[in-house]
Each structure stands twice: as C-alpha cells, then as structure tokens.
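Read through the structure below, which is laid out as structure tokens, and then see the notes.
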Amino acid sequence: MDRGEPLISIVVPVYKVPERYLRKCIESLVNQTYTNIEVLLIDDGSPDNCGEICEGYAKKSKFIKTIHKINGGLSSARNKGVLEAKGKYIMFVDGDDWINSETCEVLSKSVLENNVDLLMFCMSKDYADKSVQYDYVLEDGHEYVGDEIKWIQTQVLNYNSNIATATTKLIKRSVLIDNNIFHNELLKQGAEGIVFNIDLFGNIRNAIFVKKYLYHYIYNDESISSSYNEKNIYLVIDCFEEIKKKIESQFNNNDLIGAYRNRLIYAIVAAVISGFFNPANPDRYKEKKEKCKKYLENETIIDALNNADMKGVSKSRQIIVFMIKRKLFFIIHALGMLRKWQKSHS
C-alpha cells in the first residue's frame, strides 16, 4: 500500500460491549484490505474486561491503540478519539458493530478521486437470522455542494433519511478541528448525533454519497432494555431543546425548524407508546395517564403537536398522534398491552 494515501483514523468507543460483539468489531478492522489506518479503541471506563480485550489486540497490531479514560459517555469517548487521532480522515465505528473488509479501501479511493470534506455510505441492520438494508434519500456518486449541502442539513432531521448518525461517514479531520465540531457530551438518546451532524453540514464545502452497504449495525438484545425509565423521557425533551438552539444559529433555520418539529413527533410517539404506556411500566393505568398528560403540557411538545406538518411521518404514527391530541389514552394503553401479547406469542 502506498503510504502517501490518506491515513484513516477509526474511532471505536467501548463500554460494556459483550465480548463476542467487541471481538467481531475489532477483527473487522484488523482485516481491512486498506492498511494505512489507525484504530483508536476508547475504553470509556468499562467495568468489565473490555479494556483487557482491547489491550490484547493493541499488543498484537501496531496500528491499534487502546486509550483508557474515566467514563464520560459515548460523546466523550468519540471526542477523545478525534483529539488523539493522527489521520487525515475520521471514521466512527461503535464497539458492537462491524464493517466490511474492503470498507477503508473503497472509501479512500473515493475521497482521493473527489477531494471531498465528507463521504457518506450505507448501513445494514443485522438481526440473528437476517440483515436489512437501510433506505437513503441521497443519490449514489453525486457530489453535493452549495445549496445541496443546506438541503442535506435539513435531512438530518428527517427520521427516514438515516443520515443523522456519526457512523457511516468518512470525515476530514481538519473540518472537525478547525470548526470546533465535537459531540455535545451533555446529550444522549441519539440527540448527540443530530446536533453533531447539523454542525457538520453547516461547515463543509462538499460531500459525496456512495451507495455501498459497508457498515453493519448489530441488533443487540443484550443492549436493549424493556424497562420503563421516566427520566429518559424528559431527557429527550432537553435534548430537543438543545437541538432547537443549534438550529436557530444556522443559516437555513426556517427549513430546519419544520424538519425539527416532524422529527420531534417521532420522539413524542415513542415517549407515549414505549414510555408511559409501555407494559413494562409498573404504574397503574390512572398514574400512567396523569404522567402522560403532564408530559404533554410541556411547551416544546405542544409546539410540535400543533405545528408539525407531518410530512413524511408514517401513517401508523399519524394515527397515534391523532389519539394523543384527543387524549384517547385508554386505546393507547390497550395497544401497548396488545403488542406485549403479540410478542409473547410470536
């Protein structure tokens, strides 16, 4: 491999990742056909043996480096990786996901040919018995510039665009450093990726999309909790309020505000269906209803329910919103119980 080709830094946050997933992830990086890479395994204070596993790989591979830090969350780990990276380009890979062996080779060729600030590619969602490819709104091989970048920025808030993640991107590191684009360490629940990408698309001069499914998001049963967490429901509101502040500082905020409200609709439906009326919620029906009514009195929620144009929102979610607006909580509660019964009998 010509060492003059760009060094790619792959940043991998690691925290309580099941061993079989972590090893699969690292092995997929070790076996890249493009060798001018560095892999930064960020052990975010994981209390298990993740740090030892990472050290084991670092000892065997000269291009792997393990960095241990006090637990600060996903955003903190990604930021640490960006600051420690030496590559011209940055790629984020989560510790329980993996990439195809030709990923870095395909991406490096494309950035060399097109000299872009950002390259985007595709993700598959891997279940135990099948793999499902995500849909994208972008055009294969097209270079986006000028007003097209502004349009992509609005698509970050499109739930169905699948471009609001930090993963599936090869980013010129200088763009991040020169414009102080880092993940907000106070945000969680996926909002950190939205804010990061709004910043990113507000500061790049061009981008290209390659329709190749190179990244594999693992549906990990061990990382999914069916427990009810009211704190997280309100944390999502805080996150969206931060997103709104970010939008208000952007050059095309009118377009972004409309997309923002539609994206918030998805969060509201999730809070009501998978939160308050989640069968795992131990509260009695009356308590669930009262807590949900209080949640719906929040000004951010009211604004979205009253002003979202619902364009692109799925029919099933539109039906739920209809019931939420009319406070048909008993029907929503019954739907939650029906879903639980269906899952237990499937």
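In the structure tokens, each chain is lettered A, B, ... as it comes, each chain's residues begin at 1, and ligands are numbered from 1 in order of appearance.
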
Self-check item: Residues near range 197-201 of chain A, cut-off 10 Å, only C-alpha atoms, skip fewer than 2 positions along chain, as JSON, numbers by chain
Solution: {"A": [117, 118, 149, 150, 151, 152, 153, 154, 155, 156, 157, 163, 164, 165, 166, 171, 175, 176, 179, 180, 181, 182, 183, 191, 192, 193, 194, 195, 203, 204, 205, 206, 207, 243, 246, 247, 249, 250, 256]}

Kindly assemble as CSV a list of the range 130-197 of chain A residues that lie within 9 Å of range 90-108 of chain A, each paired with its nearest atom pair and their distance in Å to one decimal, using only C-alpha atoms, sorted first by chain and then by ascending residue number.
```
residue,atom,partner,partner_atom,distance
A:Ala166,CA,A:Phe92,CA,6.3
A:Thr167,CA,A:Phe92,CA,5.0
A:Thr168,CA,A:Phe92,CA,7.5
A:Lys169,CA,A:Met91,CA,6.1
A:Leu170,CA,A:Met91,CA,5.0
A:Ile171,CA,A:Ile90,CA,5.1
A:Lys172,CA,A:Ile90,CA,6.3
A:Arg173,CA,A:Ile90,CA,5.8
```

Exercise. Might you pull out every residue within 10 Å of range 74-83 of chain A, with only C-alpha atoms counted and same-chain residues fewer than 2 positions away left off, and present them as a ChimeraX atom specification?
Key: /A:9-15,39-45,67-72,85-87,89-94,166,173,176-177,181-188,192-193,196

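Within range 96-176 of chain A, the backbone-based DSSP assignment of helix (DSSP H, G or I) covers Thr103, Cys104, Glu105, Val106, Leu107, Ser108, Lys109, Ser110, Val111, Leu112, Glu113, Asn114, Asp147, Glu148, Ile149, Lys150, Trp151, Ile152, Gln153, Thr154, Gln155, Arg173, Ser174, Val175 and Leu176 of chain A.
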
Could you save those same residues with N, CA and C atoms as a PDB file, in the first residue's frame?
```pdb
ATOM      1  N   THR A 103     -14.005  -1.851   3.295  1.00  0.00           N
ATOM      2  CA  THR A 103     -14.578  -0.532   3.575  1.00  0.00           C
ATOM      3  C   THR A 103     -13.580   0.611   3.397  1.00  0.00           C
ATOM      4  N   CYS A 104     -12.462   0.547   4.081  1.00  0.00           N
ATOM      5  CA  CYS A 104     -11.490   1.647   4.026  1.00  0.00           C
ATOM      6  C   CYS A 104     -10.885   1.797   2.627  1.00  0.00           C
ATOM      7  N   GLU A 105     -10.723   0.690   1.925  1.00  0.00           N
ATOM      8  CA  GLU A 105     -10.186   0.751   0.565  1.00  0.00           C
ATOM      9  C   GLU A 105     -11.160   1.470  -0.368  1.00  0.00           C
ATOM     10  N   VAL A 106     -12.440   1.111  -0.276  1.00  0.00           N
ATOM     11  CA  VAL A 106     -13.464   1.746  -1.111  1.00  0.00           C
ATOM     12  C   VAL A 106     -13.556   3.235  -0.802  1.00  0.00           C
ATOM     13  N   LEU A 107     -13.563   3.582   0.479  1.00  0.00           N
ATOM     14  CA  LEU A 107     -13.733   4.976   0.876  1.00  0.00           C
ATOM     15  C   LEU A 107     -12.518   5.817   0.522  1.00  0.00           C
ATOM     16  N   SER A 108     -11.317   5.261   0.707  1.00  0.00           N
ATOM     17  CA  SER A 108     -10.094   6.019   0.411  1.00  0.00           C
ATOM     18  C   SER A 108     -10.007   6.351  -1.079  1.00  0.00           C
ATOM     19  N   LYS A 109     -10.385   5.408  -1.922  1.00  0.00           N
ATOM     20  CA  LYS A 109     -10.367   5.654  -3.367  1.00  0.00           C
ATOM     21  C   LYS A 109     -11.321   6.779  -3.733  1.00  0.00           C
ATOM     22  N   SER A 110     -12.471   6.775  -3.102  1.00  0.00           N
ATOM     23  CA  SER A 110     -13.477   7.775  -3.431  1.00  0.00           C
ATOM     24  C   SER A 110     -13.058   9.176  -2.991  1.00  0.00           C
ATOM     25  N   VAL A 111     -12.474   9.307  -1.795  1.00  0.00           N
ATOM     26  CA  VAL A 111     -12.076  10.649  -1.352  1.00  0.00           C
ATOM     27  C   VAL A 111     -10.885  11.158  -2.156  1.00  0.00           C
ATOM     28  N   LEU A 112     -10.018  10.260  -2.597  1.00  0.00           N
ATOM     29  CA  LEU A 112      -8.893  10.671  -3.434  1.00  0.00           C
ATOM     30  C   LEU A 112      -9.380  11.172  -4.796  1.00  0.00           C
ATOM     31  N   GLU A 113     -10.354  10.506  -5.344  1.00  0.00           N
ATOM     32  CA  GLU A 113     -10.877  10.886  -6.657  1.00  0.00           C
ATOM     33  C   GLU A 113     -11.687  12.177  -6.610  1.00  0.00           C
ATOM     34  N   ASN A 114     -12.345  12.432  -5.472  1.00  0.00           N
ATOM     35  CA  ASN A 114     -13.289  13.548  -5.413  1.00  0.00           C
ATOM     36  C   ASN A 114     -12.854  14.700  -4.506  1.00  0.00           C
ATOM     37  N   ASP A 147     -26.150  24.924  -2.095  1.00  0.00           N
ATOM     38  CA  ASP A 147     -27.493  24.772  -1.549  1.00  0.00           C
ATOM     39  C   ASP A 147     -27.866  23.313  -1.308  1.00  0.00           C
ATOM     40  N   GLU A 148     -27.215  22.405  -2.024  1.00  0.00           N
ATOM     41  CA  GLU A 148     -27.488  20.981  -1.814  1.00  0.00           C
ATOM     42  C   GLU A 148     -27.032  20.542  -0.419  1.00  0.00           C
ATOM     43  N   ILE A 149     -25.957  21.147   0.058  1.00  0.00           N
ATOM     44  CA  ILE A 149     -25.491  20.854   1.423  1.00  0.00           C
ATOM     45  C   ILE A 149     -26.526  21.348   2.438  1.00  0.00           C
ATOM     46  N   LYS A 150     -27.111  22.520   2.162  1.00  0.00           N
ATOM     47  CA  LYS A 150     -28.155  23.040   3.050  1.00  0.00           C
ATOM     48  C   LYS A 150     -29.342  22.074   3.096  1.00  0.00           C
ATOM     49  N   TRP A 151     -29.669  21.513   1.917  1.00  0.00           N
ATOM     50  CA  TRP A 151     -30.775  20.558   1.860  1.00  0.00           C
ATOM     51  C   TRP A 151     -30.458  19.305   2.679  1.00  0.00           C
ATOM     52  N   ILE A 152     -29.219  18.789   2.548  1.00  0.00           N
ATOM     53  CA  ILE A 152     -28.839  17.608   3.333  1.00  0.00           C
ATOM     54  C   ILE A 152     -28.934  17.913   4.822  1.00  0.00           C
ATOM     55  N   GLN A 153     -28.581  19.142   5.192  1.00  0.00           N
ATOM     56  CA  GLN A 153     -28.663  19.514   6.602  1.00  0.00           C
ATOM     57  C   GLN A 153     -30.090  19.375   7.130  1.00  0.00           C
ATOM     58  N   THR A 154     -31.079  19.721   6.318  1.00  0.00           N
ATOM     59  CA  THR A 154     -32.469  19.526   6.748  1.00  0.00           C
ATOM     60  C   THR A 154     -32.807  18.046   6.858  1.00  0.00           C
ATOM     61  N   GLN A 155     -32.179  17.215   6.029  1.00  0.00           N
ATOM     62  CA  GLN A 155     -32.453  15.784   6.036  1.00  0.00           C
ATOM     63  C   GLN A 155     -31.917  15.087   7.287  1.00  0.00           C
ATOM     64  N   ARG A 173     -10.677  15.324   9.084  1.00  0.00           N
ATOM     65  CA  ARG A 173     -10.458  15.705  10.485  1.00  0.00           C
ATOM     66  C   ARG A 173     -10.296  17.209  10.642  1.00  0.00           C
ATOM     67  N   SER A 174      -9.657  17.864   9.681  1.00  0.00           N
ATOM     68  CA  SER A 174      -9.434  19.311   9.795  1.00  0.00           C
ATOM     69  C   SER A 174     -10.751  20.077   9.867  1.00  0.00           C
ATOM     70  N   VAL A 175     -11.809  19.552   9.224  1.00  0.00           N
ATOM     71  CA  VAL A 175     -13.121  20.200   9.297  1.00  0.00           C
ATOM     72  C   VAL A 175     -13.623  20.199  10.742  1.00  0.00           C
ATOM     73  N   LEU A 176     -13.438  19.081  11.426  1.00  0.00           N
ATOM     74  CA  LEU A 176     -13.874  18.977  12.817  1.00  0.00           C
ATOM     75  C   LEU A 176     -13.051  19.887  13.726  1.00  0.00           C
TER      76      LEU A 176
END
```

I need the residues in range 174-275 of chain A that are strand (DSSP E or B) according to DSSP; give them as a compact mmCIF listing (two decimals) with C-alpha atoms, in the first residue's frame.
```txt
# COMPACT_ATOMS: atom_id res chain seq x y z
CA ASN A 206 -18.80 19.42 -0.37
CA ALA A 207 -19.86 15.83 0.26
CA ILE A 208 -20.38 12.65 -1.73
CA PHE A 209 -22.62 9.65 -1.15
CA VAL A 210 -21.53 6.12 -2.05
CA LYS A 211 -24.37 3.63 -2.11
CA LYS A 212 -22.41 0.69 -0.75
CA TYR A 213 -23.59 -1.23 2.32
CA LEU A 214 -20.34 -1.44 4.24
CA TYR A 215 -21.39 -0.81 7.85
CA HIS A 216 -23.28 -3.38 9.96
CA TYR A 217 -25.35 -2.22 12.90
CA ILE A 218 -25.90 -5.18 15.19
```

Quiz item: Which residues, written as a PyMOL selection string, have at least one atom at most 12 Å from Ser314 in chain A, with only C-alpha atoms counted and residues fewer than 3 positions away on the same chain left out?
Solution: chain A and resi 158-160+262-263+265-266+269+310-311+317-321

Quiz item: Could you pull the residues within 10 Å of Asn298 in chain A, counting only C-alpha atoms, minus those fewer than 4 positions along the same chain, as a list in words?
Solution: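 The filter keeps Tyr234, Ile237, Lys293, Lys294, Ile302 and Asp303 of chain A.
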
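In this model, the gap between CA of Phe322 in chain A and CA of Ile268 in chain A comes to 12.1 Å.
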
Quiz item: At what distance in Å, to one decimal, does CA of Glu299 in chain A lie from CA of Lys327 in chain A?
Solution: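 So the answer is 16.8 Å.
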
Quiz item: Between A:Pro18, A:Pro47, A:Gly312, A:Gly336, which one has atoms that come closest to Ala280 in chain A, using only C-alpha atoms?
Solution: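 For Ala280 in chain A, the nearest of the candidates is A:Gly336.
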
Exercise. May I ask which of the residues A:Tyr127, A:Tyr134, A:Phe277, A:Tyr34 is the closest one to Phe329 in chain A, counting only C-alpha atoms?
Key: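 Of A:Tyr127, A:Tyr134, A:Phe277, A:Tyr34, the one nearest Phe329 in chain A is A:Phe277, counting only C-alpha atoms.
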
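Interatomic distance, CA of Asp309 in chain A against CA of Arg261 in chain A: 8.1 Å.
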